[in-house]
>>> print(open('my_file.pdb').read())   # PDB, C-alpha atoms and all ligand atoms
MODEL        1
ATOM      1  CA  MET A 327     -37.432   7.290  24.048
ATOM      2  CA  THR A 328     -34.367   7.439  21.805
ATOM      3  CA  LEU A 329     -34.713   5.391  18.625
ATOM      4  CA  LEU A 330     -31.366   6.175  16.980
ATOM      5  CA  THR A 331     -28.056   7.071  18.601
ATOM      6  CA  VAL A 332     -25.039   8.212  16.593
ATOM      7  CA  ASN A 333     -21.809   8.217  18.554
ATOM      8  CA  GLY A 334     -18.493   9.701  17.416
ATOM      9  CA  VAL A 335     -19.075   8.923  13.744
ATOM     10  CA  GLU A 336     -16.183   9.926  11.471
ATOM     11  CA  ARG A 337     -15.760   9.594   7.726
ATOM     12  CA  SER A 338     -13.151  11.048   5.364
ATOM     13  CA  PHE A 339     -12.903  11.043   1.587
ATOM     14  CA  TYR A 340      -9.356  11.229   0.235
ATOM     15  CA  GLY A 341      -8.194  13.109   3.299
ATOM     16  CA  VAL A 342     -11.215  15.455   3.419
ATOM     17  CA  ARG A 343     -13.140  15.035   6.649
ATOM     18  CA  ALA A 344     -16.818  14.905   5.767
ATOM     19  CA  LEU A 345     -17.790  13.751   9.269
ATOM     20  CA  ALA A 346     -15.527  14.768  12.124
ATOM     21  CA  GLY A 347     -17.119  12.889  15.029
ATOM     22  CA  VAL A 348     -20.897  13.277  14.981
ATOM     23  CA  ASP A 349     -22.940  12.637  18.118
ATOM     24  CA  LEU A 350     -26.704  12.849  18.006
ATOM     25  CA  GLU A 351     -29.910  11.219  19.169
ATOM     26  CA  VAL A 352     -33.200  10.874  17.335
ATOM     27  CA  PRO A 353     -36.244  10.563  19.605
ATOM     28  CA  ALA A 354     -39.037   8.155  18.663
ATOM     29  CA  GLY A 355     -42.401   9.364  17.409
ATOM     30  CA  ARG A 356     -41.311  12.781  16.169
ATOM     31  CA  ILE A 357     -40.037  14.554  13.073
ATOM     32  CA  THR A 358     -36.456  15.606  13.732
ATOM     33  CA  GLY A 359     -34.946  18.047  11.232
ATOM     34  CA  LEU A 360     -31.297  17.737  10.209
ATOM     35  CA  ILE A 361     -30.120  21.021   8.748
ATOM     36  CA  GLY A 362     -26.823  22.667   7.927
ATOM     37  CA  PRO A 363     -25.001  24.441   5.111
ATOM     38  CA  ASN A 364     -24.046  22.693   1.855
ATOM     39  CA  GLY A 365     -21.273  20.188   2.409
ATOM     40  CA  ALA A 366     -21.953  19.965   6.163
ATOM     41  CA  GLY A 367     -22.027  16.170   5.900
ATOM     42  CA  LYS A 368     -25.788  15.532   6.152
ATOM     43  CA  THR A 369     -26.040  13.105   3.228
ATOM     44  CA  THR A 370     -22.769  11.422   4.258
ATOM     45  CA  LEU A 371     -24.250  10.876   7.717
ATOM     46  CA  PHE A 372     -27.336   9.250   6.155
ATOM     47  CA  ASN A 373     -25.013   7.068   4.054
ATOM     48  CA  CYS A 374     -23.117   5.956   7.166
ATOM     49  CA  ILE A 375     -26.279   5.303   9.195
ATOM     50  CA  THR A 376     -27.857   3.196   6.437
ATOM     51  CA  GLY A 377     -24.738   1.195   5.564
ATOM     52  CA  VAL A 378     -24.251   2.713   2.106
ATOM     53  CA  ILE A 379     -20.734   3.699   3.141
ATOM     54  CA  PRO A 380     -19.032   2.435   6.314
ATOM     55  CA  PRO A 381     -17.964   5.009   8.889
ATOM     56  CA  ASP A 382     -14.224   5.161   9.630
ATOM     57  CA  LYS A 383     -14.999   5.379  13.336
ATOM     58  CA  GLY A 384     -17.942   5.549  15.698
ATOM     59  CA  ARG A 385     -21.048   3.591  16.607
ATOM     60  CA  ILE A 386     -24.644   3.654  15.421
ATOM     61  CA  VAL A 387     -27.351   2.088  17.574
ATOM     62  CA  PHE A 388     -30.875   1.716  16.230
ATOM     63  CA  ASP A 389     -33.760   0.466  18.350
ATOM     64  CA  GLY A 390     -31.369  -0.978  20.914
ATOM     65  CA  ARG A 391     -29.218  -2.781  18.343
ATOM     66  CA  ASP A 392     -25.697  -1.917  17.159
ATOM     67  CA  ILE A 393     -26.063  -1.589  13.374
ATOM     68  CA  THR A 394     -22.578  -0.188  12.668
ATOM     69  CA  GLY A 395     -21.066  -1.915   9.646
ATOM     70  CA  LEU A 396     -24.196  -3.871   8.664
ATOM     71  CA  ARG A 397     -25.152  -4.038   4.977
ATOM     72  CA  PRO A 398     -27.954  -1.736   3.745
ATOM     73  CA  ASP A 399     -30.374  -4.663   3.281
ATOM     74  CA  GLN A 400     -29.665  -5.897   6.827
ATOM     75  CA  ILE A 401     -30.290  -2.392   8.157
ATOM     76  CA  THR A 402     -33.556  -2.106   6.206
ATOM     77  CA  GLN A 403     -34.686  -5.335   7.872
ATOM     78  CA  THR A 404     -34.197  -3.779  11.301
ATOM     79  CA  GLY A 405     -36.809  -1.154  10.345
ATOM     80  CA  LEU A 406     -34.576   1.720   9.262
ATOM     81  CA  VAL A 407     -34.938   2.974   5.696
ATOM     82  CA  ARG A 408     -33.878   6.061   3.744
ATOM     83  CA  THR A 409     -34.778   7.958   0.620
ATOM     84  CA  PHE A 410     -32.231   9.550  -1.670
ATOM     85  CA  GLN A 411     -31.602  13.235  -2.427
ATOM     86  CA  ILE A 412     -32.142  12.374  -6.102
ATOM     87  CA  ALA A 413     -35.203  10.175  -6.527
ATOM     88  CA  ARG A 414     -34.256   6.693  -7.697
ATOM     89  CA  GLY A 415     -36.550   3.942  -8.843
ATOM     90  CA  LEU A 416     -36.904   2.110 -12.109
ATOM     91  CA  PRO A 417     -38.409   4.494 -14.668
ATOM     92  CA  ARG A 418     -39.873   1.890 -17.040
ATOM     93  CA  LEU A 419     -41.656  -0.040 -14.318
ATOM     94  CA  SER A 420     -45.099   1.068 -13.206
ATOM     95  CA  VAL A 421     -45.723   2.771  -9.893
ATOM     96  CA  LEU A 422     -47.190  -0.500  -8.584
ATOM     97  CA  GLU A 423     -44.168  -2.522  -9.729
ATOM     98  CA  ASN A 424     -41.779  -0.007  -8.189
ATOM     99  CA  LEU A 425     -43.603  -0.343  -4.879
ATOM    100  CA  LEU A 426     -43.681  -4.152  -5.032
ATOM    101  CA  LEU A 427     -39.918  -4.277  -5.590
ATOM    102  CA  TYR A 428     -39.437  -2.836  -2.130
ATOM    103  CA  GLY A 429     -41.837  -5.067  -0.242
ATOM    104  CA  THR A 430     -40.155  -7.105   2.474
ATOM    105  CA  ARG A 431     -40.042 -10.882   2.266
ATOM    106  CA  GLN A 432     -40.613 -11.109  -1.496
ATOM    107  CA  PRO A 433     -42.167 -14.471  -2.448
ATOM    108  CA  GLY A 434     -39.461 -15.070  -5.071
ATOM    109  CA  GLU A 435     -36.674 -14.407  -2.569
ATOM    110  CA  LYS A 436     -36.640 -17.929  -1.254
ATOM    111  CA  ALA A 437     -36.966 -20.022  -4.392
ATOM    112  CA  LEU A 438     -37.294 -23.265  -2.468
ATOM    113  CA  THR A 439     -40.125 -21.992  -0.301
ATOM    114  CA  ALA A 440     -41.863 -20.723  -3.418
ATOM    115  CA  ALA A 441     -41.393 -24.084  -5.180
ATOM    116  CA  PHE A 442     -42.535 -26.272  -2.275
ATOM    117  CA  ASN A 443     -45.179 -23.997  -0.889
ATOM    118  CA  PRO A 444     -46.718 -22.092  -3.806
ATOM    119  CA  GLY A 445     -49.835 -21.324  -1.764
ATOM    120  CA  ALA A 446     -47.837 -19.399   0.852
ATOM    121  CA  ALA A 447     -45.903 -17.565  -1.854
ATOM    122  CA  ARG A 448     -49.117 -16.544  -3.596
ATOM    123  CA  GLN A 449     -50.652 -15.396  -0.326
ATOM    124  CA  ARG A 450     -47.594 -13.260   0.429
ATOM    125  CA  GLU A 451     -47.730 -11.788  -3.076
ATOM    126  CA  GLU A 452     -51.370 -10.853  -2.545
ATOM    127  CA  GLU A 453     -50.495  -9.256   0.795
ATOM    128  CA  LEU A 454     -47.762  -7.240  -0.899
ATOM    129  CA  ILE A 455     -50.106  -6.020  -3.623
ATOM    130  CA  ALA A 456     -52.647  -5.014  -0.981
ATOM    131  CA  ARG A 457     -49.925  -3.138   0.871
ATOM    132  CA  ALA A 458     -48.707  -1.409  -2.301
ATOM    133  CA  VAL A 459     -52.251  -0.308  -3.112
ATOM    134  CA  ALA A 460     -52.715   0.996   0.444
ATOM    135  CA  VAL A 461     -49.430   2.923   0.196
ATOM    136  CA  ALA A 462     -50.401   4.352  -3.218
ATOM    137  CA  ARG A 463     -53.800   5.375  -1.836
ATOM    138  CA  ARG A 464     -52.381   7.162   1.199
ATOM    139  CA  LEU A 465     -49.912   9.071  -1.010
ATOM    140  CA  ASN A 466     -52.550  10.033  -3.618
ATOM    141  CA  LEU A 467     -50.872   7.945  -6.309
ATOM    142  CA  MET A 468     -53.821   5.632  -7.076
ATOM    143  CA  HIS A 469     -54.706   7.420 -10.315
ATOM    144  CA  VAL A 470     -51.206   6.787 -11.687
ATOM    145  CA  ILE A 471     -50.553   3.345 -10.183
ATOM    146  CA  ARG A 472     -50.377   1.646 -13.615
ATOM    147  CA  ASN A 473     -48.295   4.410 -15.232
ATOM    148  CA  PRO A 474     -44.557   4.044 -15.736
ATOM    149  CA  ALA A 475     -42.586   5.891 -13.061
ATOM    150  CA  SER A 476     -40.976   7.982 -15.831
ATOM    151  CA  ASP A 477     -44.397   9.595 -16.521
ATOM    152  CA  LEU A 478     -44.695  10.978 -12.977
ATOM    153  CA  SER A 479     -44.188  14.648 -12.158
ATOM    154  CA  GLY A 480     -41.163  15.584 -10.040
ATOM    155  CA  GLY A 481     -43.341  15.756  -6.929
ATOM    156  CA  GLN A 482     -45.018  12.420  -7.636
ATOM    157  CA  LYS A 483     -41.572  10.838  -8.021
ATOM    158  CA  LYS A 484     -40.713  12.111  -4.553
ATOM    159  CA  LEU A 485     -43.953  10.606  -3.227
ATOM    160  CA  LEU A 486     -43.114   7.287  -4.898
ATOM    161  CA  GLU A 487     -39.723   7.404  -3.202
ATOM    162  CA  ILE A 488     -41.490   7.795   0.161
ATOM    163  CA  GLY A 489     -43.905   5.031  -0.859
ATOM    164  CA  ARG A 490     -41.059   2.643  -1.566
ATOM    165  CA  ALA A 491     -39.667   3.373   1.884
ATOM    166  CA  LEU A 492     -43.099   2.646   3.410
ATOM    167  CA  MET A 493     -43.228  -0.743   1.680
ATOM    168  CA  THR A 494     -40.434  -1.954   3.982
ATOM    169  CA  GLU A 495     -42.677  -1.359   7.035
ATOM    170  CA  PRO A 496     -40.139   0.955   8.689
ATOM    171  CA  LYS A 497     -39.890   2.294  12.233
ATOM    172  CA  LEU A 498     -37.605   5.130  11.146
ATOM    173  CA  ILE A 499     -37.414   6.855   7.767
ATOM    174  CA  LEU A 500     -34.478   9.080   6.845
ATOM    175  CA  LEU A 501     -35.590  11.572   4.197
ATOM    176  CA  ASP A 502     -32.971  13.441   2.179
ATOM    177  CA  GLU A 503     -34.540  16.664   0.860
ATOM    178  CA  PRO A 504     -37.972  15.193   0.036
ATOM    179  CA  VAL A 505     -39.281  18.437  -1.475
ATOM    180  CA  ALA A 506     -36.185  19.620  -3.386
ATOM    181  CA  GLY A 507     -37.313  20.862  -6.800
ATOM    182  CA  VAL A 508     -40.985  20.306  -5.981
ATOM    183  CA  ASN A 509     -43.563  23.076  -6.447
ATOM    184  CA  PRO A 510     -44.788  24.737  -3.219
ATOM    185  CA  THR A 511     -48.294  23.227  -3.372
ATOM    186  CA  LEU A 512     -47.004  19.676  -3.633
ATOM    187  CA  ALA A 513     -44.290  20.418  -1.066
ATOM    188  CA  LYS A 514     -47.105  21.285   1.374
ATOM    189  CA  GLU A 515     -48.928  18.093   0.472
ATOM    190  CA  ILE A 516     -45.789  16.021   1.054
ATOM    191  CA  GLY A 517     -45.411  17.739   4.431
ATOM    192  CA  THR A 518     -48.960  16.758   5.340
ATOM    193  CA  HIS A 519     -48.244  13.121   4.371
ATOM    194  CA  LEU A 520     -45.186  13.142   6.633
ATOM    195  CA  ARG A 521     -47.326  14.286   9.572
ATOM    196  CA  THR A 522     -49.752  11.387   9.060
ATOM    197  CA  LEU A 523     -46.803   8.955   9.162
ATOM    198  CA  ILE A 524     -45.942  10.226  12.633
ATOM    199  CA  ASN A 525     -49.523   9.571  13.693
ATOM    200  CA  ASP A 526     -49.021   5.965  12.553
ATOM    201  CA  GLY A 527     -46.034   5.565  14.868
ATOM    202  CA  ILE A 528     -43.272   6.060  12.277
ATOM    203  CA  THR A 529     -40.318   8.282  13.243
ATOM    204  CA  ILE A 530     -38.724  10.656  10.725
ATOM    205  CA  LEU A 531     -35.291  12.232  10.401
ATOM    206  CA  LEU A 532     -35.527  14.882   7.712
ATOM    207  CA  ILE A 533     -32.758  16.700   5.830
ATOM    208  CA  GLU A 534     -34.277  19.887   4.476
ATOM    209  CA  HIS A 535     -33.076  23.238   3.155
ATOM    210  CA  HIS A 536     -36.548  24.841   2.948
ATOM    211  CA  MET A 537     -36.695  26.551   6.337
ATOM    212  CA  ASP A 538     -40.447  27.147   6.189
ATOM    213  CA  MET A 539     -40.915  23.397   5.875
ATOM    214  CA  VAL A 540     -38.537  22.744   8.793
ATOM    215  CA  ALA A 541     -40.376  25.338  10.894
ATOM    216  CA  ARG A 542     -43.771  23.842  10.074
ATOM    217  CA  LEU A 543     -42.947  20.153  10.358
ATOM    218  CA  CYS A 544     -40.079  19.523  12.725
ATOM    219  CA  ASP A 545     -40.612  18.972  16.432
ATOM    220  CA  HIS A 546     -36.882  19.190  16.996
ATOM    221  CA  VAL A 547     -33.983  20.458  14.867
ATOM    222  CA  ILE A 548     -30.321  19.353  14.835
ATOM    223  CA  VAL A 549     -27.737  21.520  13.076
ATOM    224  CA  LEU A 550     -24.704  19.934  11.438
ATOM    225  CA  ALA A 551     -21.758  22.069  10.238
ATOM    226  CA  GLU A 552     -18.327  21.009   9.014
ATOM    227  CA  GLY A 553     -19.022  17.404   9.889
ATOM    228  CA  ARG A 554     -20.016  18.100  13.490
ATOM    229  CA  HIS A 555     -23.109  18.541  15.615
ATOM    230  CA  LEU A 556     -23.323  22.307  16.080
ATOM    231  CA  ALA A 557     -26.594  22.965  17.889
ATOM    232  CA  GLU A 558     -30.072  21.610  18.512
ATOM    233  CA  GLY A 559     -33.434  22.690  19.833
ATOM    234  CA  THR A 560     -36.741  23.947  18.508
ATOM    235  CA  PHE A 561     -36.650  25.637  15.111
ATOM    236  CA  GLU A 562     -36.900  29.027  16.846
ATOM    237  CA  ASP A 563     -33.949  28.128  19.122
ATOM    238  CA  VAL A 564     -31.615  27.200  16.292
ATOM    239  CA  ALA A 565     -32.784  29.941  13.901
ATOM    240  CA  SER A 566     -31.956  32.603  16.484
ATOM    241  CA  ASN A 567     -28.654  30.978  17.466
ATOM    242  CA  GLU A 568     -25.755  33.205  16.357
ATOM    243  CA  VAL A 569     -23.353  30.303  15.951
ATOM    244  CA  VAL A 570     -25.823  28.656  13.566
ATOM    245  CA  GLN A 571     -26.313  31.896  11.642
ATOM    246  CA  LEU A 572     -22.538  32.246  11.269
ATOM    247  CA  ALA A 573     -22.218  28.673   9.986
ATOM    248  CA  TYR A 574     -24.750  29.450   7.270
ATOM    249  CA  MET A 575     -23.183  32.733   6.201
ATOM    250  CA  GLY A 576     -21.566  32.672   2.785
ATOM    251  CA  ARG A 577     -22.737  29.135   2.166
ATOM    252  CA  ARG A 578     -26.399  29.774   2.189
ATOM    253  CA  LYS A 579     -28.778  27.428   0.451
ATOM    254  CA  VAL A 580     -31.752  28.277   2.623
ATOM    255  CA  LYS A 581     -34.758  28.609   0.372
ATOM    256  CA  VAL A 582     -37.802  30.358   1.725
ATOM    257  CA  THR A 583     -40.862  29.763  -0.406
TER     258      THR A 583
HETATM  259  N1  LIG A 601     -18.327   9.972  -2.250
HETATM  260  C1  LIG A 601     -17.636  11.066  -1.958
HETATM  261  N2  LIG A 601     -16.377  11.252  -2.387
HETATM  262  C2  LIG A 601     -15.678  12.361  -2.063
HETATM  263  N3  LIG A 601     -16.145  13.346  -1.294
HETATM  264  C3  LIG A 601     -17.395  13.238  -0.837
HETATM  265  C4  LIG A 601     -18.212  12.094  -1.132
HETATM  266  N4  LIG A 601     -19.419  12.264  -0.509
HETATM  267  C5  LIG A 601     -19.350  13.444   0.126
HETATM  268  N5  LIG A 601     -18.153  14.032  -0.054
HETATM  269  C6  LIG A 601     -17.716  15.311   0.526
HETATM  270  O1  LIG A 601     -18.083  15.303   1.890
HETATM  271  C7  LIG A 601     -18.563  16.585   2.298
HETATM  272  C8  LIG A 601     -19.970  16.483   2.833
HETATM  273  O2  LIG A 601     -20.851  16.215   1.750
HETATM  274  P1  LIG A 601     -22.394  15.861   1.941
HETATM  275  O3  LIG A 601     -22.917  15.503   0.601
HETATM  276  O4  LIG A 601     -22.529  14.873   3.022
HETATM  277  O5  LIG A 601     -22.977  17.260   2.423
HETATM  278  P2  LIG A 601     -24.488  17.721   2.623
HETATM  279  O6  LIG A 601     -24.571  18.321   3.973
HETATM  280  O7  LIG A 601     -25.420  16.610   2.297
HETATM  281  O8  LIG A 601     -24.607  18.883   1.528
HETATM  282  P3  LIG A 601     -25.893  19.370   0.647
HETATM  283  O9  LIG A 601     -26.714  20.212   1.555
HETATM  284  O10 LIG A 601     -25.265  20.196  -0.439
HETATM  285  O11 LIG A 601     -26.590  18.163   0.127
HETATM  286  C9  LIG A 601     -18.410  17.497   1.083
HETATM  287  O12 LIG A 601     -17.187  18.165   1.165
HETATM  288  C10 LIG A 601     -18.434  16.509  -0.072
HETATM  289  O13 LIG A 601     -17.740  17.030  -1.181
HETATM  290 MG    MG A 602     -26.887  16.332   0.862
ENDMDL
END
>>> encode(input="my_file.pdb", output="structure tokens")
Amino acid sequence: MTLLTVNGVERSFYGVRALAGVDLEVPAGRITGLIGPNGAGKTTLFNCITGVIPPDKGRIVFDGRDITGLRPDQITQTGLVRTFQIARGLPRLSVLENLLLYGTRQPGEKALTAAFNPGAARQREEELIARAVAVARRLNLMHVIRNPASDLSGGQKKLLEIGRALMTEPKLILLDEPVAGVNPTLAKEIGTHLRTLINDGITILLIEHHMDMVARLCDHVIVLAEGRHLAEGTFEDVASNEVVQLAYMGRRKVKVT
């Protein structure tokens, strides 16, 4: 089953074509890798899919619904969430507070409901805390749950970023370089966490430059170059594809650890 379909998506910045008509499909229940040389348009594609920037042209259908042009918060509510290439989050807040911020249906969101039905609001808050603790536990962040996010190591910050995505109860997570700058041991651990998400029925689209990670984790790989879909297949298929090799030449940022 196809969970996400991108059709003819174009986006330019000041006359520079970052996306020149991208077509691709992301199957449900798998880890699909999205690779390509620097500047290929991978992050821009994530931005267009998640409503951070509107595409100039094209259509994006998620889980049977046209989400083109929706706001990021509306898209998150459909079950599609992304992480950023540079981990965000609020550094002074604790890990727990950072997770709670991203829980869906916050009790404070609807002030009237909270005022007239404090019991329901409290119950929802307790559910959210339970969910945050479960997310922290599955990502091995329990021992730092009360620490400010600024105290976390680079790898733990990446895990928190994934945790915040999980708080929205997503069907599809778009991950933008989740192990960039992370030491190899933690990168492996993050990879293992991603596999367990698949077992829980979550689908992943993963931008990654570490080819060993792509080879190990991705069931399917899509190559983007110069704002276009260039090739797709198993990692072995695309790695041995001459057109793909040419696209990478001279603009290599493939890190093998
Ligand atoms: N907000 C922006 N304003 C102007 N140009 C942009 C903007 N965002 C992206 N671009 C340009 O669009 C092109 C694609 O960039 P993008 O960041 O999507 O590439 P990428 O594949 O994610 O690269 P990397 O692997 O280095 O992260 C580049 O030429 C980039 O300079
Ligand atoms: Mg990028």
>>> resolve_selection(input="my_file.pdb", expression="the PyMOL selection byres (((not hetatm)) within 8 of (chain A and resi 602))", output="PyMOL selection string")
chain A and resi 364-365+367-370+411+502-503+533
>>> write_last_selection(input="my_file.pdb", atoms="C-alpha atoms", output="PDB file, in the coordinates of the input")
ATOM      1  CA  ASN A 364     -24.046  22.693   1.855  1.00  0.00           C
ATOM      2  CA  GLY A 365     -21.273  20.188   2.409  1.00  0.00           C
ATOM      3  CA  GLY A 367     -22.027  16.170   5.900  1.00  0.00           C
ATOM      4  CA  LYS A 368     -25.788  15.532   6.152  1.00  0.00           C
ATOM      5  CA  THR A 369     -26.040  13.105   3.228  1.00  0.00           C
ATOM      6  CA  THR A 370     -22.769  11.422   4.258  1.00  0.00           C
ATOM      7  CA  GLN A 411     -31.602  13.235  -2.427  1.00  0.00           C
ATOM      8  CA  ASP A 502     -32.971  13.441   2.179  1.00  0.00           C
ATOM      9  CA  GLU A 503     -34.540  16.664   0.860  1.00  0.00           C
ATOM     10  CA  ILE A 533     -32.758  16.700   5.830  1.00  0.00           C
TER      11      ILE A 533
END
>>> closest_residue(input="my_file.pdb", among="A:Ile361, A:Val348, A:Val547, A:Met539", to="ligand LIG 601 (chain A)", atoms="all atoms listed in the file")
A:Ile361
>>> axis_aligned_box(input="my_file.pdb", around="ligand LIG 601 (chain A)", padding_each_side="3 Å", output="AutoDock Vina command-line options")
--center_x -21.2 --center_y 15.1 --center_z 0.8 --size_x 17.0 --size_y 16.2 --size_z 12.4
>>> residues_near_ligand(input="my_file.pdb", ligand="ligand LIG 601 (chain A)", cutoff="10 Å", atoms="all atoms listed in the file", output="PDB file with C-alpha atoms, keeping the file's coordinate frame")
ATOM      1  CA  ARG A 337     -15.760   9.594   7.726  1.00  0.00           C
ATOM      2  CA  SER A 338     -13.151  11.048   5.364  1.00  0.00           C
ATOM      3  CA  PHE A 339     -12.903  11.043   1.587  1.00  0.00           C
ATOM      4  CA  TYR A 340      -9.356  11.229   0.235  1.00  0.00           C
ATOM      5  CA  GLY A 341      -8.194  13.109   3.299  1.00  0.00           C
ATOM      6  CA  VAL A 342     -11.215  15.455   3.419  1.00  0.00           C
ATOM      7  CA  ARG A 343     -13.140  15.035   6.649  1.00  0.00           C
ATOM      8  CA  ALA A 344     -16.818  14.905   5.767  1.00  0.00           C
ATOM      9  CA  LEU A 345     -17.790  13.751   9.269  1.00  0.00           C
ATOM     10  CA  LEU A 360     -31.297  17.737  10.209  1.00  0.00           C
ATOM     11  CA  ILE A 361     -30.120  21.021   8.748  1.00  0.00           C
ATOM     12  CA  GLY A 362     -26.823  22.667   7.927  1.00  0.00           C
ATOM     13  CA  PRO A 363     -25.001  24.441   5.111  1.00  0.00           C
ATOM     14  CA  ASN A 364     -24.046  22.693   1.855  1.00  0.00           C
ATOM     15  CA  GLY A 365     -21.273  20.188   2.409  1.00  0.00           C
ATOM     16  CA  ALA A 366     -21.953  19.965   6.163  1.00  0.00           C
ATOM     17  CA  GLY A 367     -22.027  16.170   5.900  1.00  0.00           C
ATOM     18  CA  LYS A 368     -25.788  15.532   6.152  1.00  0.00           C
ATOM     19  CA  THR A 369     -26.040  13.105   3.228  1.00  0.00           C
ATOM     20  CA  THR A 370     -22.769  11.422   4.258  1.00  0.00           C
ATOM     21  CA  LEU A 371     -24.250  10.876   7.717  1.00  0.00           C
ATOM     22  CA  PHE A 372     -27.336   9.250   6.155  1.00  0.00           C
ATOM     23  CA  ASN A 373     -25.013   7.068   4.054  1.00  0.00           C
ATOM     24  CA  CYS A 374     -23.117   5.956   7.166  1.00  0.00           C
ATOM     25  CA  ILE A 379     -20.734   3.699   3.141  1.00  0.00           C
ATOM     26  CA  GLN A 411     -31.602  13.235  -2.427  1.00  0.00           C
ATOM     27  CA  ASP A 502     -32.971  13.441   2.179  1.00  0.00           C
ATOM     28  CA  GLU A 503     -34.540  16.664   0.860  1.00  0.00           C
ATOM     29  CA  ILE A 533     -32.758  16.700   5.830  1.00  0.00           C
ATOM     30  CA  GLU A 534     -34.277  19.887   4.476  1.00  0.00           C
ATOM     31  CA  HIS A 535     -33.076  23.238   3.155  1.00  0.00           C
ATOM     32  CA  LEU A 550     -24.704  19.934  11.438  1.00  0.00           C
ATOM     33  CA  ALA A 551     -21.758  22.069  10.238  1.00  0.00           C
ATOM     34  CA  GLU A 552     -18.327  21.009   9.014  1.00  0.00           C
ATOM     35  CA  GLY A 553     -19.022  17.404   9.889  1.00  0.00           C
ATOM     36  CA  ARG A 577     -22.737  29.135   2.166  1.00  0.00           C
ATOM     37  CA  ARG A 578     -26.399  29.774   2.189  1.00  0.00           C
ATOM     38  CA  LYS A 579     -28.778  27.428   0.451  1.00  0.00           C
ATOM     39  CA  VAL A 580     -31.752  28.277   2.623  1.00  0.00           C
TER      40      VAL A 580
END
>>> resolve_selection(input="my_file.pdb", expression="the PyMOL selection byres (((chain A and resi 459-474) around 12) and not hetatm)", output="PyMOL selection string")
chain A and resi 415-426+428-429+452-458+475-479+481-495+512+515-520+522-523+526
>>> residues_near_point(input="my_file.pdb", point="(-39.8, 23.9, -5.8)", cutoff="12 Å", atoms="only C-alpha atoms", output="MDAnalysis selection string")
chainID A and resid 480:481 484 503:514 535:536 539 581:583
>>> resolve_selection(input="my_file.pdb", expression="the PyMOL selection byres (((chain A and resi 498) around 10) and not hetatm)", output="PyMOL selection string")
chain A and resi 329-330+352+354-357+388-389+402+404-408+491-492+495-497+499-501+524+527-531
>>> closest_residue(input="my_file.pdb", among="A:Val332, A:Leu427, A:Ala565, A:Ala446", to="Ile393 in chain A", atoms="only C-alpha atoms")
A:Val332
>>> closest_residue(input="my_file.pdb", among="A:Ser566, A:Leu532, A:Met327, A:Pro444", to="Thr409 in chain A", atoms="all atoms listed in the file")
A:Leu532
>>> closest_residue(input="my_file.pdb", among="A:Gly334, A:Gly347, A:Pro353, A:Gly390", to="Ile548 in chain A", atoms="only C-alpha atoms")
A:Pro353
